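Just run38.txt here, compact mmCIF, C-alpha atoms:
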```txt
# COMPACT_ATOMS: atom_id res chain seq x y z
CA MET Q 1 0.00 0.00 0.00
CA THR Q 2 1.34 3.40 -0.88
CA GLY Q 3 1.22 6.61 1.13
CA ARG Q 4 0.59 4.92 4.47
CA GLU Q 5 1.89 5.68 7.95
CA SER Q 6 1.99 2.53 10.05
CA SER Q 7 2.80 3.99 13.45
CA ALA Q 8 -0.18 4.33 15.78
CA SER Q 9 1.38 7.57 17.05
CA THR Q 10 0.33 9.22 13.80
CA GLY Q 11 -3.31 8.88 14.84
CA ARG Q 12 -4.85 7.76 18.17
CA ASP Q 13 -2.91 5.55 20.52
CA ASP Q 14 -5.90 4.91 22.81
CA VAL Q 15 -7.77 2.70 20.32
CA THR Q 16 -7.02 -0.81 19.06
CA PHE Q 17 -8.31 -1.65 15.58
CA ARG Q 18 -9.21 -5.21 14.64
CA ASP Q 19 -11.61 -6.94 12.25
CA ARG Q 20 -13.88 -3.93 11.60
CA ALA Q 21 -14.23 -3.23 15.34
CA VAL Q 22 -12.42 -1.03 17.86
CA PHE Q 23 -11.35 -1.67 21.45
CA PHE Q 24 -10.67 1.02 24.03
CA PRO Q 25 -8.19 -0.58 26.47
CA ARG Q 26 -8.37 2.09 29.17
CA SER Q 27 -12.16 1.86 29.30
CA ASP Q 28 -12.39 -1.87 28.54
CA VAL Q 29 -15.03 -1.27 25.84
CA LEU Q 30 -15.41 -3.07 22.50
CA VAL Q 31 -17.44 -1.34 19.78
CA LEU Q 32 -18.73 -2.72 16.48
CA ALA Q 33 -21.35 -1.30 14.14
CA ASP Q 34 -23.68 -2.37 11.36
CA LEU Q 35 -24.06 -6.09 12.00
CA HIS Q 36 -27.25 -6.13 9.88
CA VAL Q 37 -28.33 -9.45 11.34
CA GLY Q 38 -30.71 -11.09 8.89
CA ARG Q 39 -29.20 -9.54 5.79
CA ALA Q 40 -28.41 -12.97 4.35
CA ASP Q 41 -32.08 -13.97 4.72
CA ALA Q 42 -33.10 -10.80 2.87
CA SER Q 43 -30.61 -11.33 0.05
CA ASP Q 44 -30.96 -13.34 -3.15
CA VAL Q 45 -27.29 -14.31 -2.84
CA ASP Q 46 -26.26 -17.00 -0.37
CA PHE Q 47 -23.40 -16.08 1.93
CA PRO Q 48 -20.89 -18.93 1.40
CA VAL Q 49 -19.86 -19.52 5.03
CA GLY Q 50 -23.23 -18.78 6.65
CA GLU Q 51 -24.09 -15.43 8.18
CA ARG Q 52 -24.72 -16.72 11.69
CA ALA Q 53 -21.47 -18.65 12.11
CA HIS Q 54 -19.48 -15.87 10.46
CA LEU Q 55 -20.79 -13.12 12.74
CA ARG Q 56 -20.62 -15.30 15.86
CA ASP Q 57 -17.12 -16.66 15.27
CA ARG Q 58 -15.65 -13.23 14.54
CA LEU Q 59 -17.35 -11.73 17.60
CA VAL Q 60 -16.08 -14.58 19.77
CA ALA Q 61 -12.56 -14.02 18.45
CA LEU Q 62 -12.75 -10.36 19.45
CA LEU Q 63 -14.13 -11.26 22.89
CA ASP Q 64 -11.33 -13.79 23.39
CA ALA Q 65 -8.68 -11.29 22.28
CA PHE Q 66 -9.78 -8.35 24.42
CA ALA Q 67 -12.00 -9.71 27.22
CA PRO Q 68 -13.97 -6.44 27.32
CA GLU Q 69 -16.11 -5.37 30.22
CA THR Q 70 -18.66 -3.79 27.88
CA VAL Q 71 -19.62 -4.54 24.28
CA VAL Q 72 -21.44 -1.88 22.28
CA PHE Q 73 -23.35 -2.62 19.09
CA ALA Q 74 -23.39 0.81 17.45
CA GLY Q 75 -26.57 0.58 15.45
CA ASP Q 76 -28.12 -1.30 12.57
CA VAL Q 77 -27.93 -4.45 14.62
CA LEU Q 78 -30.82 -5.78 12.55
CA HIS Q 79 -31.34 -5.56 8.81
CA ARG Q 80 -35.08 -5.64 8.18
CA PHE Q 81 -37.12 -2.62 9.24
CA GLU Q 82 -40.59 -4.11 9.36
CA TYR Q 83 -40.12 -7.40 11.24
CA VAL Q 84 -37.44 -9.75 12.56
CA PRO Q 85 -37.34 -13.15 10.83
CA THR Q 86 -36.94 -16.22 13.01
CA VAL Q 87 -33.49 -16.93 11.61
CA ALA Q 88 -32.39 -13.40 12.50
CA ARG Q 89 -33.71 -13.78 16.05
CA GLU Q 90 -31.78 -17.02 16.42
CA THR Q 91 -28.60 -15.41 15.10
CA LEU Q 92 -28.99 -12.45 17.46
CA ASP Q 93 -29.56 -14.83 20.38
CA GLU Q 94 -26.26 -16.58 19.63
CA LEU Q 95 -24.43 -13.26 19.54
CA LEU Q 96 -25.97 -12.26 22.87
CA GLU Q 97 -25.04 -15.63 24.35
CA ALA Q 98 -21.44 -15.15 23.21
CA VAL Q 99 -21.26 -11.76 24.91
CA ALA Q 100 -22.78 -13.15 28.11
CA ALA Q 101 -20.45 -16.16 28.08
CA ALA Q 102 -17.51 -13.75 27.91
CA GLY Q 103 -18.76 -12.03 31.05
CA ALA Q 104 -19.38 -8.71 29.26
CA ASP Q 105 -22.29 -6.33 29.46
CA LEU Q 106 -24.04 -5.50 26.19
CA VAL Q 107 -25.38 -2.11 25.12
CA ALA Q 108 -26.98 -1.50 21.72
CA THR Q 109 -27.52 1.98 20.32
CA PRO Q 110 -30.28 1.64 17.69
CA GLY Q 111 -29.68 2.67 14.10
CA ASN Q 112 -32.09 3.59 11.36
CA HIS Q 113 -32.66 -0.14 10.63
CA ASP Q 114 -33.57 -0.91 14.25
CA PRO Q 115 -37.19 0.02 15.03
CA GLN Q 116 -37.72 -3.62 16.09
CA LEU Q 117 -34.61 -3.85 18.27
CA PRO Q 118 -36.06 -3.00 21.71
CA GLY Q 119 -38.61 -5.78 21.26
CA VAL Q 120 -36.03 -8.52 20.62
CA LEU Q 121 -33.11 -7.39 22.77
CA ASP Q 122 -33.24 -7.93 26.52
CA GLY Q 123 -30.88 -5.14 27.48
CA PRO Q 124 -30.31 -1.40 27.31
CA THR Q 125 -30.91 0.32 23.97
CA PRO Q 126 -30.11 4.00 24.58
CA ALA Q 127 -29.90 6.34 21.63
CA ARG Q 128 -26.37 7.17 22.71
CA PHE Q 129 -23.89 5.44 25.02
CA ARG Q 130 -21.16 7.37 26.79
CA PHE Q 131 -18.04 6.13 28.55
CA ASP Q 132 -15.36 8.50 29.77
CA ASP Q 133 -15.17 11.24 27.13
CA VAL Q 134 -16.41 9.02 24.27
CA VAL Q 135 -19.95 8.87 22.89
CA VAL Q 136 -21.05 5.92 20.75
CA CYS Q 137 -24.06 6.28 18.47
CA HIS Q 138 -25.06 4.94 15.10
CA GLY Q 139 -24.42 8.22 13.32
CA HIS Q 140 -27.59 8.55 11.26
CA GLU Q 141 -28.71 11.62 13.20
CA PRO Q 142 -26.97 14.37 15.18
CA PRO Q 143 -25.99 13.12 18.65
CA GLU Q 144 -27.40 16.26 20.28
CA GLU Q 145 -30.95 15.16 19.43
CA ALA Q 146 -30.86 12.45 22.08
CA ALA Q 147 -29.50 14.86 24.69
CA GLU Q 148 -32.28 17.31 23.92
CA SER Q 149 -34.89 14.56 24.29
CA GLY Q 150 -33.69 13.74 27.79
CA ASP Q 151 -31.56 10.66 27.12
CA ALA Q 152 -29.46 10.54 30.30
CA GLY Q 153 -26.71 8.56 28.63
CA ALA Q 154 -26.26 11.02 25.81
CA SER Q 155 -24.78 14.13 27.41
CA THR Q 156 -22.37 15.76 25.00
CA THR Q 157 -20.60 17.83 27.64
CA ASP Q 158 -16.83 17.28 27.63
CA VAL Q 159 -17.00 14.78 24.80
CA SER Q 160 -13.78 14.42 22.81
CA LEU Q 161 -14.72 11.59 20.43
CA TYR Q 162 -17.82 10.28 18.67
CA VAL Q 163 -17.72 6.67 17.46
CA VAL Q 164 -20.24 5.94 14.71
CA GLY Q 165 -21.10 3.60 11.85
CA HIS Q 166 -23.87 4.02 9.27
CA ASP Q 167 -21.98 4.74 6.02
CA HIS Q 168 -20.12 1.37 5.67
CA PRO Q 169 -16.87 2.97 4.39
CA THR Q 170 -14.43 1.11 2.15
CA ILE Q 171 -11.39 2.28 0.22
CA ASP Q 172 -9.90 1.12 -3.06
CA ILE Q 173 -6.12 0.78 -2.81
CA GLU Q 174 -4.16 -0.50 -5.79
CA GLY Q 175 -7.30 -2.06 -7.25
CA GLN Q 176 -8.36 -3.84 -4.07
CA ARG Q 177 -11.34 -2.68 -2.02
CA ARG Q 178 -10.86 -2.87 1.73
CA PRO Q 179 -13.06 -1.97 4.70
CA THR Q 180 -11.77 1.23 6.26
CA TYR Q 181 -12.19 3.23 9.39
CA LEU Q 182 -12.35 7.00 8.96
CA TYR Q 183 -10.89 9.32 11.58
CA GLY Q 184 -11.73 13.02 11.52
CA PRO Q 185 -9.86 15.04 14.18
CA GLY Q 186 -11.95 17.96 15.40
CA THR Q 187 -14.39 17.65 12.52
CA TYR Q 188 -17.73 17.60 14.37
CA ARG Q 189 -18.30 20.67 16.53
CA GLY Q 190 -14.64 20.59 17.48
CA ARG Q 191 -14.76 16.93 18.54
CA ASP Q 192 -13.12 13.97 16.84
CA VAL Q 193 -15.15 11.43 14.85
CA LEU Q 194 -14.26 7.79 14.25
CA MET Q 195 -16.44 6.01 11.70
CA LEU Q 196 -16.34 2.21 11.67
CA PRO Q 197 -16.76 -0.06 8.65
CA SER Q 198 -19.72 -2.44 8.72
CA PHE Q 199 -19.08 -5.50 10.87
CA THR Q 200 -21.02 -7.68 8.47
CA GLU Q 201 -19.07 -8.59 5.37
CA LEU Q 202 -22.32 -8.95 3.44
CA ALA Q 203 -22.51 -5.17 3.06
CA ALA Q 204 -20.66 -4.10 -0.07
CA GLY Q 205 -19.85 -0.73 1.49
CA VAL Q 206 -19.36 2.65 -0.12
CA GLU Q 207 -16.02 3.51 -1.69
CA VAL Q 208 -14.76 6.74 -0.14
CA ASN Q 209 -12.00 7.48 -2.66
CA GLY Q 210 -14.02 10.06 -4.57
CA MET Q 211 -16.58 10.96 -1.90
CA TRP Q 212 -17.11 14.53 -0.73
CA THR Q 213 -18.85 15.72 2.40
CA ASP Q 214 -22.33 15.78 0.85
CA ASP Q 215 -21.90 12.19 -0.39
CA PHE Q 216 -21.90 10.83 3.17
CA SER Q 217 -25.19 9.99 4.87
CA SER Q 218 -24.02 10.70 8.42
CA PRO Q 219 -24.47 14.29 9.62
CA LEU Q 220 -21.33 13.84 11.72
CA VAL Q 221 -19.25 14.00 8.53
CA THR Q 222 -18.77 17.73 8.04
CA ASN Q 223 -15.41 17.75 6.26
CA ALA Q 224 -14.64 14.69 4.16
CA ASN Q 225 -11.29 16.14 3.10
CA ALA Q 226 -10.04 15.89 6.69
CA LEU Q 227 -10.97 12.22 7.14
CA ARG Q 228 -8.02 9.86 7.56
CA PRO Q 229 -8.58 6.28 6.37
CA VAL Q 230 -7.32 3.59 8.72
CA VAL Q 231 -7.01 0.05 7.33
CA HIS Q 232 -6.43 -2.93 9.59
CA ASP Q 233 -3.88 -5.34 8.12
CA ALA Q 234 -4.95 -8.76 9.38
CA ASP Q 235 -1.64 -10.37 8.40
CA THR Q 236 0.38 -8.11 10.69
CA ASP Q 237 -2.44 -7.08 13.06
CA GLU Q 238 -1.41 -3.51 12.32
CA ALA Q 239 -3.45 -0.35 11.86
CA LEU Q 240 -2.28 1.45 8.74
CA TRP Q 241 -2.93 5.19 8.98
CA PHE Q 242 -3.24 7.04 5.70
CA PRO Q 243 -3.08 10.78 5.05
CA PRO Q 244 -6.35 12.75 4.95
CA LEU Q 245 -8.49 12.22 1.88
CA ARG Q 246 -7.62 15.69 0.54
CA GLU Q 247 -3.99 14.50 0.23
CA LEU Q 248 -4.58 10.84 -0.44
CA ARG Q 249 -6.77 11.28 -3.52
CA ALA Q 250 -3.70 12.13 -5.59
CA TYR Q 251 -2.33 8.63 -4.95
CA LEU Q 252 -5.57 6.69 -5.47
```

Represent the structure from my file as structure tokens, please.
Amino acid sequence: MTGRESSASTGRDDVTFRDRAVFFPRSDVLVLADLHVGRADASDVDFPVGERAHLRDRLVALLDAFAPETVVFAGDVLHRFEYVPTVARETLDELLEAVAAAGADLVATPGNHDPQLPGVLDGPTPARFRFDDVVVCHGHEPPEEAAESGDAGASTTDVSLYVVGHDHPTIDIEGQRRPTYLYGPGTYRGRDVLMLPSFTELAAGVEVNGMWTDDFSSPLVTNANALRPVVHDADTDEALWFPPLRELRAYL
């Protein structure tokens, strides 16, 4: 890969990147977004390895690696808006069982696909979840809306970082599309934003190479030029930090 900076010191050294998720060691919190449980059932294309086993096994691997105290599903946990198919309920149950077996607490912040989530999830589903100076939300609406509506877990006072999903970012590097995180320092009301790729691999994702601010769906993206792609290299377990998109586009 060209134009990369592999040292974590070039970005944030308080976050560990792995398999489309992030872990905050000091807070003992694991965050993943856009699981879209039930997407395989809604698709005309069969997922070769099976959606349920694929989501479960990857989640278990993350739980084994980090042993988090809290796991946060940052929205679009489910795929279908109107109802939850039996197979999706069973898949979700296995994911919840994996989290419980690891001794972690689960919090799910609903996304725009999740009107059915409170009815199938036995656990907290706040619009926003805060730990330390970090707020996790799906990213489909401004985080202040929850604070204004009285969500006690959504205070934006003294927040330094928003962690979101929603847009399913990918990046094309040397002809190969890869899931990417996007880090925007100080880009949302002076606070940092970290956008996660979709945890499900069934989502094709949107290629950010040529995207401008208005091309993103999340209102937390206010300056696409300032976003720094971060690609996790599974072979080396290394987070590869790239220059901001305004500089990187010349190499892509």

TODO: Within 6 Å of region 14-26 of chain Q, counting all atoms listed in the file, which residues show up once you throw out same-chain ones fewer than 6 positions away? Write them as an MDAnalysis selection string, please.
DONE: chainID Q and resid 32 197 199

- [ ] In Å, rounded to a single decimal, give me how far CA of Leu182 (chain Q) is from CA of Ala88 (chain Q).
- [x]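 Separating CA of Ala88 (chain Q) from CA of Leu182 (chain Q) is a distance of 28.8 Å.
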
TODO: May I ask which of the residues Q:Ser160, Q:Asn225, Q:Gln176, Q:Thr213 is the closest one to Arg249 (chain Q), counting all atoms listed in the file?
DONE: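 Going through Q:Ser160, Q:Asn225, Q:Gln176, Q:Thr213 one by one, the smallest distance to Arg249 (chain Q) is for Q:Asn225.
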
Open item on the list: One number please: CA of Asn112 (chain Q) to CA of Asp167 (chain Q), in Å, one decimal.
Closed with: 11.5 Å

Open item on the list: I'd like the neighbourhood of Asn223 (chain Q) as a ChimeraX atom specification, where a residue qualifies if any of its atoms comes within 12 Å (using only C-alpha atoms), though same-chain residues fewer than 3 positions away should be ignored.
Closed with: /Q:182-190,192-193,211-216,218-220,226-228,244-246

Residue neighbourhood region 53-61 of chain Q, 10 Å, all atoms listed in the file, exclusion window fewer than 4 positions, as a tab-separated table (two decimals) with C-alpha atoms, keeping the file's coordinate frame:
```
chain	number	residue	atom	x	y	z
Q	19	ASP	CA	-11.61	-6.94	12.25
Q	20	ARG	CA	-13.88	-3.93	11.60
Q	21	ALA	CA	-14.23	-3.23	15.34
Q	32	LEU	CA	-18.73	-2.72	16.48
Q	35	LEU	CA	-24.06	-6.09	12.00
Q	36	HIS	CA	-27.25	-6.13	9.88
Q	37	VAL	CA	-28.33	-9.45	11.34
Q	47	PHE	CA	-23.40	-16.08	1.93
Q	48	PRO	CA	-20.89	-18.93	1.40
Q	49	VAL	CA	-19.86	-19.52	5.03
Q	65	ALA	CA	-8.68	-11.29	22.28
Q	66	PHE	CA	-9.78	-8.35	24.42
Q	67	ALA	CA	-12.00	-9.71	27.22
Q	91	THR	CA	-28.60	-15.41	15.10
Q	92	LEU	CA	-28.99	-12.45	17.46
Q	94	GLU	CA	-26.26	-16.58	19.63
Q	95	LEU	CA	-24.43	-13.26	19.54
Q	96	LEU	CA	-25.97	-12.26	22.87
Q	97	GLU	CA	-25.04	-15.63	24.35
Q	98	ALA	CA	-21.44	-15.15	23.21
Q	99	VAL	CA	-21.26	-11.76	24.91
Q	101	ALA	CA	-20.45	-16.16	28.08
Q	102	ALA	CA	-17.51	-13.75	27.91
Q	199	PHE	CA	-19.08	-5.50	10.87
Q	200	THR	CA	-21.02	-7.68	8.47
Q	201	GLU	CA	-19.07	-8.59	5.37
```

Open item on the list: Can you measure CA of Leu63 (chain Q) to CA of Ala104 (chain Q) for me? One decimal in Å is fine.
Closed with: 8.6 Å

- [ ] Rank nothing, just name the residue among Q:Asp64, Q:Asp93, Q:Val164, Q:Val135 nearest to Gly111 (chain Q), using only C-alpha atoms.
- [x]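 With only C-alpha atoms as the atom set, the closest residue is Q:Val164.
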
Task: For Gly139 (chain Q), the nearest of the candidates Q:Ile173, Q:Ala250, Q:Leu117, Q:Ala33, counting only C-alpha atoms - done: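 Closest residue, counting only C-alpha atoms: Q:Ala33.
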
Open item on the list: Ranking Q:Thr109, Q:Thr125, Q:Ser217, Q:Asn209 by minimum distance to Val163 (chain Q) and counting only C-alpha atoms, which one comes first?
Closed with: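 The closest residue to Val163 (chain Q) is Q:Thr109.
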
Task: All residues 9 Å or closer to Phe129 (chain Q), all atoms listed in the file, same chain fewer than 6 positions away omitted, as a ChimeraX atom specification - done: /Q:72,74,107-109,135-137,153-154

TODO: Determine the nearest neighbour of Asp132 (chain Q) from the options Q:Leu248, Q:Asp114, Q:Leu62, Q:Tyr162, counting all atoms listed in the file.
DONE: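 Counting all atoms listed in the file, the residue closest to Asp132 (chain Q) is Q:Tyr162.
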
- [ ] Can you pull out every residue within 7 Å of Asp28 (chain Q), counting all atoms listed in the file, but drop anything in the same chain fewer than 5 positions away, and send it as a ChimeraX atom specification?
- [x] /Q:68-70

Resulting file, chosen residues, C-alpha atoms, as a tab-separated table (two decimals), keeping the file's coordinate frame:
```
chain	number	residue	atom	x	y	z
Q	68	PRO	CA	-13.97	-6.44	27.32
Q	69	GLU	CA	-16.11	-5.37	30.22
Q	70	THR	CA	-18.66	-3.79	27.88
```

Kindly provide, as lines of an AutoDock Vina configuration file, the centre and edge lengths (Å, one decimal) of an axis-aligned box around all atoms of region 122-137 of chain Q given in the file, with 6 Å on each side.
```
center_x = -24.2
center_y = 1.7
center_z = 24.1
size_x = 30.1
size_y = 31.2
size_z = 23.3
```

Task: Residue nearest Arg191 (chain Q) - candidates Q:Pro169, Q:Gly210, Q:Asp133, Q:Ala224, atoms counted: only C-alpha atoms - done: Q:Asp133
